[in-house]
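Visitor: Structure: input-v7.cif, mmCIF, C-alpha atoms.
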```
data_query
loop_
_atom_site.label_atom_id
_atom_site.label_comp_id
_atom_site.auth_asym_id
_atom_site.auth_seq_id
_atom_site.Cartn_x
_atom_site.Cartn_y
_atom_site.Cartn_z
CA MET A 706 113.39 95.00 112.34
CA ALA A 707 112.13 93.71 108.98
CA ARG A 708 115.08 92.05 107.22
CA ILE A 709 114.21 90.49 103.87
CA LYS A 710 116.13 88.11 101.60
CA PHE A 711 117.27 89.91 98.47
CA MET A 712 119.29 88.28 95.68
CA ASN A 713 122.67 87.28 97.20
CA THR A 714 122.24 89.21 100.45
CA GLU A 715 119.57 90.54 102.82
CA ILE A 716 118.12 94.03 103.21
CA ASP A 717 116.80 95.82 106.29
CA ASN A 718 113.54 97.14 104.88
CA LEU A 719 113.43 100.56 106.54
CA THR A 720 112.49 104.15 105.79
CA MET A 721 115.05 106.92 106.37
CA VAL A 722 113.42 107.82 109.71
CA GLU A 723 113.44 104.16 110.80
CA THR A 724 117.09 103.91 109.74
CA LEU A 725 118.13 106.87 111.89
CA ASN A 726 116.24 105.40 114.85
CA ALA A 727 117.95 102.02 114.31
CA ILE A 728 121.38 103.68 114.13
CA GLU A 729 120.73 105.57 117.35
CA ALA A 730 119.66 102.35 119.06
CA LEU A 731 122.94 100.71 117.92
CA ILE A 732 124.96 103.68 119.24
CA LYS A 733 123.31 103.23 122.63
CA GLN A 734 124.09 99.49 122.60
CA ASN A 735 127.80 100.36 122.09
CA LYS A 736 128.76 97.04 120.49
CA ASN A 737 131.01 98.07 117.58
CA ALA A 738 128.18 97.83 115.04
CA TYR A 739 128.49 98.72 111.37
CA VAL A 740 126.29 99.63 108.42
CA VAL A 741 126.62 98.72 104.74
CA THR A 742 124.68 100.32 101.88
CA PRO A 743 124.55 97.88 98.95
CA ASN A 744 124.09 99.26 95.45
CA VAL A 745 124.24 97.49 92.08
CA ASP A 746 128.04 97.43 92.20
CA HIS A 747 128.05 95.75 95.64
CA ILE A 748 125.55 93.09 94.54
CA VAL A 749 127.72 92.26 91.51
CA GLN A 750 130.84 92.04 93.71
CA LEU A 751 129.00 89.91 96.29
CA GLU A 752 128.23 87.31 93.64
CA ALA A 753 131.94 86.48 93.48
CA GLY A 754 131.89 85.57 97.20
CA GLY A 755 135.09 86.21 99.13
CA GLU A 756 135.65 88.72 101.91
CA LEU A 757 132.84 91.09 100.98
CA HIS A 758 130.41 88.25 101.62
CA GLU A 759 131.87 87.97 105.15
CA VAL A 760 131.38 91.74 105.61
CA TYR A 761 127.69 91.50 104.72
CA LYS A 762 127.12 88.41 106.84
CA ASN A 763 128.23 90.31 109.96
CA ALA A 764 126.67 93.72 109.21
CA ASP A 765 124.21 95.13 111.73
CA LEU A 766 122.31 97.17 109.14
CA ILE A 767 122.08 96.53 105.39
CA LEU A 768 120.38 99.39 103.50
CA ALA A 769 119.35 99.47 99.84
CA ASP A 770 121.25 102.22 98.01
CA GLY A 771 119.92 102.58 94.48
CA LYS A 772 116.67 102.71 92.55
CA PRO A 773 117.54 99.63 90.45
CA LEU A 774 117.52 97.51 93.63
CA LEU A 775 114.06 98.86 94.50
CA TRP A 776 112.83 98.02 90.99
CA ILE A 777 114.17 94.47 91.25
CA ALA A 778 112.65 93.99 94.71
CA LYS A 779 109.27 95.15 93.40
CA TRP A 780 109.57 92.71 90.48
CA TYR A 781 110.25 89.95 93.02
CA GLY A 782 107.09 90.86 94.93
CA THR A 783 109.02 91.99 98.04
CA PRO A 784 109.04 95.81 97.71
CA ILE A 785 111.63 97.84 99.61
CA LYS A 786 110.16 100.86 101.41
CA GLU A 787 112.76 103.48 100.49
CA LYS A 788 116.12 104.01 98.83
CA ILE A 789 118.63 104.80 101.60
CA SER A 790 121.68 106.05 99.74
CA GLY A 791 124.83 106.77 101.73
CA SER A 792 124.97 110.29 100.33
CA ASP A 793 121.42 111.02 101.58
CA LEU A 794 121.95 109.29 104.92
CA PHE A 795 125.24 111.08 105.71
CA PRO A 796 123.86 114.64 106.20
CA ARG A 797 120.81 113.28 108.06
CA LEU A 798 123.20 111.43 110.37
CA CYS A 799 125.21 114.63 110.92
CA GLU A 800 122.00 116.49 111.75
CA MET A 801 121.06 113.82 114.31
CA ALA A 802 124.59 113.82 115.78
CA ALA A 803 124.47 117.61 116.18
CA LYS A 804 121.13 117.45 118.02
CA LYS A 805 122.01 114.46 120.23
CA GLY A 806 125.64 115.31 120.97
CA TYR A 807 127.23 112.34 119.17
CA LYS A 808 130.86 112.83 118.17
CA MET A 809 131.94 111.91 114.62
CA PHE A 810 135.22 110.99 112.89
CA PHE A 811 135.69 111.08 109.09
CA LEU A 812 138.24 108.74 107.48
CA GLY A 813 138.95 108.62 103.76
CA ALA A 814 138.95 110.47 100.44
CA ALA A 815 141.90 112.42 99.01
CA GLU A 816 144.09 114.66 101.14
CA GLY A 817 142.14 117.53 102.69
CA VAL A 818 138.73 116.31 101.50
CA ALA A 819 137.56 114.82 104.82
CA ALA A 820 138.60 118.01 106.64
CA LYS A 821 136.74 120.18 104.11
CA ALA A 822 133.62 118.00 104.43
CA ALA A 823 133.81 118.34 108.23
CA ASP A 824 134.18 122.12 107.98
CA ASN A 825 131.18 122.42 105.64
CA LEU A 826 128.98 120.15 107.75
CA MET A 827 129.86 121.85 111.04
CA LYS A 828 128.84 125.18 109.48
CA ARG A 829 125.60 123.61 108.24
CA PHE A 830 124.64 121.81 111.46
CA ASN A 831 125.09 123.91 114.58
CA GLY A 832 126.62 121.86 117.39
CA LEU A 833 128.05 119.11 115.16
CA ASP A 834 131.28 117.84 116.72
CA VAL A 835 133.62 116.22 114.18
CA VAL A 836 136.45 115.29 116.54
CA GLY A 837 138.86 114.18 113.84
CA THR A 838 139.46 113.67 110.12
CA TYR A 839 142.14 111.81 108.21
CA SER A 840 142.79 111.07 104.55
CA PRO A 841 145.14 108.06 104.46
CA PRO A 842 147.78 107.59 101.75
CA TYR A 843 147.36 105.05 98.96
CA GLY A 844 148.18 101.53 100.12
CA PHE A 845 147.84 102.40 103.81
CA GLU A 846 146.15 99.08 104.56
CA LYS A 847 149.42 97.24 103.79
CA ASP A 848 151.51 99.54 105.99
CA ASP A 849 151.56 98.44 109.65
CA ALA A 850 152.85 101.79 110.89
CA GLU A 851 150.14 103.68 109.01
CA MET A 852 147.44 101.33 110.26
CA TYR A 853 148.66 101.80 113.83
CA LYS A 854 148.59 105.57 113.33
CA ILE A 855 144.99 105.47 112.04
CA THR A 856 143.63 103.15 114.72
CA SER A 857 145.42 105.09 117.49
CA MET A 858 144.05 108.39 116.18
CA ILE A 859 140.46 107.13 116.14
CA LYS A 860 140.70 105.41 119.53
CA GLU A 861 142.11 108.58 121.11
CA LYS A 862 139.23 110.73 119.79
CA ARG A 863 136.55 108.23 120.98
CA PRO A 864 133.84 109.09 118.38
CA HIS A 865 130.34 107.64 118.55
CA ILE A 866 130.13 107.48 114.75
CA LEU A 867 132.91 106.65 112.28
CA ILE A 868 132.39 107.51 108.59
CA VAL A 869 134.74 105.64 106.23
CA GLY A 870 134.96 106.79 102.62
CA LEU A 871 137.47 104.54 100.90
CA GLY A 872 135.31 102.90 98.22
CA CYS A 873 133.96 99.37 98.12
CA PRO A 874 135.25 96.87 99.21
CA LYS A 875 138.21 98.60 100.94
CA GLN A 876 136.06 100.60 103.36
CA GLU A 877 133.94 97.58 104.32
CA LYS A 878 137.02 95.40 104.89
CA PHE A 879 138.64 98.11 107.01
CA ILE A 880 135.57 98.30 109.23
CA LEU A 881 135.19 94.51 109.54
CA HIS A 882 138.83 93.94 110.55
CA ASN A 883 139.24 96.93 112.84
CA ARG A 884 135.90 97.47 114.58
CA GLU A 885 136.90 95.56 117.74
CA ILE A 886 140.21 97.47 118.00
CA LEU A 887 138.56 100.86 117.40
CA GLY A 888 135.64 100.40 119.80
CA VAL A 889 133.41 102.86 117.92
CA PRO A 890 129.67 102.31 118.62
CA ILE A 891 128.80 102.47 114.91
CA SER A 892 130.79 102.68 111.66
CA LEU A 893 129.47 103.34 108.16
CA GLY A 894 131.17 102.84 104.78
CA LEU A 895 129.80 105.72 102.71
CA GLY A 896 131.91 105.81 99.55
CA ALA A 897 131.96 109.20 97.84
CA SER A 898 129.84 110.95 100.49
CA LEU A 899 132.87 112.83 101.89
CA ASP A 900 133.65 114.11 98.38
CA PHE A 901 130.05 115.23 97.90
CA GLU A 902 129.95 117.13 101.20
CA ALA A 903 133.36 118.70 100.56
CA GLY A 904 132.10 119.95 97.18
CA ASN A 905 134.84 117.94 95.52
CA ILE A 906 132.38 115.94 93.38
CA LYS A 907 128.96 117.14 92.26
CA ARG A 908 125.92 115.05 93.14
CA ALA A 909 123.41 114.14 90.46
CA PRO A 910 120.34 116.38 90.27
CA LYS A 911 117.52 115.04 92.43
CA TRP A 912 115.33 114.14 89.44
CA MET A 913 118.10 111.94 88.00
CA ALA A 914 118.66 110.17 91.35
CA GLU A 915 114.92 109.58 91.77
CA HIS A 916 114.66 108.04 88.28
CA GLY A 917 117.67 105.75 88.67
CA LEU A 918 119.92 107.85 86.42
CA GLU A 919 122.58 108.81 88.97
CA TRP A 920 125.02 106.45 87.21
CA LEU A 921 124.71 108.47 84.00
CA PHE A 922 125.56 111.71 85.79
CA ARG A 923 128.54 110.12 87.57
CA ILE A 924 129.93 108.88 84.24
CA THR A 925 129.95 112.48 82.97
CA GLN A 926 131.84 113.57 86.13
CA ASP A 927 134.52 110.85 86.03
CA PRO A 928 134.35 108.94 82.72
CA GLN A 929 137.79 107.33 83.02
CA ARG A 930 136.86 105.49 86.22
CA MET A 931 133.10 105.12 85.93
CA VAL A 932 132.53 103.87 82.37
CA LYS A 933 133.85 100.37 83.12
CA ARG A 934 132.01 100.16 86.45
CA TYR A 935 128.60 101.23 85.17
CA LEU A 936 128.57 100.03 81.55
CA VAL A 937 130.59 96.80 81.87
CA ASP A 938 130.69 95.48 85.45
CA ASP A 939 127.27 96.66 86.66
CA HIS A 940 125.55 95.41 83.50
CA LYS A 941 125.83 91.95 85.10
CA ILE A 942 122.97 92.90 87.45
CA VAL A 943 120.47 92.02 84.71
CA GLY A 944 121.59 88.39 84.55
CA LEU A 945 121.74 88.18 88.35
CA ALA A 946 118.23 89.60 88.73
CA ILE A 947 116.89 86.91 86.37
CA LYS A 948 118.89 84.18 88.12
CA TYR A 949 117.44 85.01 91.54
CA LYS A 950 113.94 85.47 90.12
CA LYS A 951 114.13 81.88 88.82
CA GLN A 952 115.23 80.70 92.26
CA LEU A 953 112.16 82.35 93.78
CA TYR A 954 109.91 80.38 91.43
CA ILE A 955 111.73 77.12 92.23
CA GLY A 956 111.38 77.81 95.97
CA LYS A 957 107.59 78.22 95.75
#
```
Go ahead and render the structure in this file as structure tokens.
Guide:
Amino acid sequence: MARIKFMNTEIDNLTMVETLNAIEALIKQNKNAYVVTPNVDHIVQLEAGGELHEVYKNADLILADGKPLLWIAKWYGTPIKEKISGSDLFPRLCEMAAKKGYKMFFLGAAEGVAAKAADNLMKRFNGLDVVGTYSPPYGFEKDDAEMYKITSMIKEKRPHILIVGLGCPKQEKFILHNREILGVPISLGLGASLDFEAGNIKRAPKWMAEHGLEWLFRITQDPQRMVKRYLVDDHKIVGLAIKYKKQLYIGK
């Protein structure tokens, strides 16, 4: 697999088809693997170090989610083959699971959202087996009884694929700390993908996503939460891109 150095992390430089093949290979290996899908927000958070850095260091697949990352990689002279966003990967993964007989479990989002996403996807993909869904209460990660309930529920259902939609970095930390206990062949932190599939949040039109304007659409959908993330926090990506470009020149 072609893993390339990219800014403060690494990227598995794969197409969508190659990604699905790699995920299936990891399922067959059955070694509690997990996937992360860095976007601009993740890269900015990674720069601060801490636990998210540990998550990325141990990830089995790291996939570029966002056109801006592809633009930066091209500027660096190390182009990334394809944008693999979690929201595009999720339905493709469900399609593969339906065809191959892999069981799935959905964890995250607001109450009822994971169940609605499962219902919609099982109608869309004949044979898809979502063996369980759960939307945990706020602050569940600090509640031992709730954590025991969640881990017991997932272990009992024995899915091949666990989808966690709790937002970054909570979903990534949950996977890192619990993957050995859960024993799921592969886990993926896919952010708002459950909301998208449930119809709870609208996805950006394809033309906006393809031109790197998904952030603008998401601001219109949830301005209170997204304005700070996209217009303040994520603006730091410009300085980081320049910083790592300079390091490339120094390294030559």
Visitor: Counting all atoms listed in the file, which residue out of A:Asp824, A:Ile777, A:Pro910, A:Asp849 sits closest to Val943 in chain A?
Guide: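 The shortest atom-to-atom distance to Val943 in chain A comes from A:Ile777.
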Visitor: Determine the residue set returned by the PyMOL selection byres ((chain A and resi 892) around 12) for the present structure, and present it as a count of residues only.
Guide: 47
Visitor: List the neighbours of Tyr949 in chain A out to 9 Å using all atoms listed in the file; skip same-chain residues closer than 2 positions along the sequence, and give me the result as a PyMOL selection string.
Guide: chain A and resi 711-713+781+944-947+951-954
Visitor: Find the residues near Asn825 in chain A: any atom within 10 Å, counting all atoms listed in the file, skip ones fewer than 4 places away on the same chain, and give them as a list in words.
Guide: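 Listed by chain and then number, they are Ala819, Ala820, Lys821, Arg829, Phe830, Glu902, Ala903 and Gly904 of chain A.
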Visitor: Would you kindly return, as a ChimeraX atom specification, each protein, DNA or RNA residue with an atom no farther than 7 Å from any atom of Leu757 in chain A, considering all atoms listed in the file and excluding same-chain residues fewer than 4 positions away?
Guide: /A:751,761,874
Visitor: What does the distance from CA of Ile716 in chain A to CA of Pro743 in chain A come to in Å, to one decimal?
Guide: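 Separation between CA of Ile716 in chain A and CA of Pro743 in chain A: 8.6 Å.
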Visitor: May I ask for the distance between CA of Asn718 in chain A and CA of Asn744 in chain A, given in Å to one decimal place?
Guide: 14.3 Å
Visitor: Would you compute the distance between CA of His758 in chain A and CA of Val745 in chain A? Give it in Å to one decimal.
Guide: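 Answer for the CA of His758 in chain A to CA of Val745 in chain A separation: 14.6 Å.
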Visitor: Evaluate the PyMOL selection byres ((chain A and resi 814) around 7) on the structure here and hand back the selected residues as a PyMOL selection string.
Guide: chain A and resi 813+815-816+818-819+840+870-871+899-900
Visitor: What would the list of residues within 6 Å of (111.7, 99.2, 97.6) (file frame) look like as a PyMOL selection string, if all atoms listed in the file are what count?
Guide: chain A and resi 775+784-787
Visitor: Just so the selection is clear, what residues does the PyMOL selection byres ((chain A and resi 801-805) around 7) cover here, as number ranges by chain?
Guide: A: 797-800, 806-808, 830-834
Visitor: Would you kindly return, as a PyMOL selection string, each protein, DNA or RNA residue with an atom no farther than 8 Å from any atom of Ser790 in chain A, considering all atoms listed in the file and excluding same-chain residues fewer than 5 positions away?
Guide: chain A and resi 742+768-771
Visitor: Mind working out the centre and edge lengths of an axis-aligned box for range 820-831 of chain A, all listed atoms inside, 3 Å added to each side, rounded to one decimal in Å and written as lines of an AutoDock Vina configuration file?
Guide:
```
center_x = 131.6
center_y = 121.6
center_z = 109.3
size_x = 20.0
size_y = 13.2
size_z = 16.5
```
Visitor: So, counting only C-alpha atoms, which residue among A:Lys772, A:His747, A:Lys733, A:Arg863 is closest to Ile886 in chain A?
Guide: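 The shortest atom-to-atom distance to Ile886 in chain A comes from A:Arg863.
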Visitor: Just want the 9 Å neighbourhood of Glu851 in chain A, counted on all atoms listed in the file, with same-chain residues fewer than 6 positions away dropped. Output as a list in words.
Guide: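 Those residues are Pro841, Pro842 and Phe845 of chain A.
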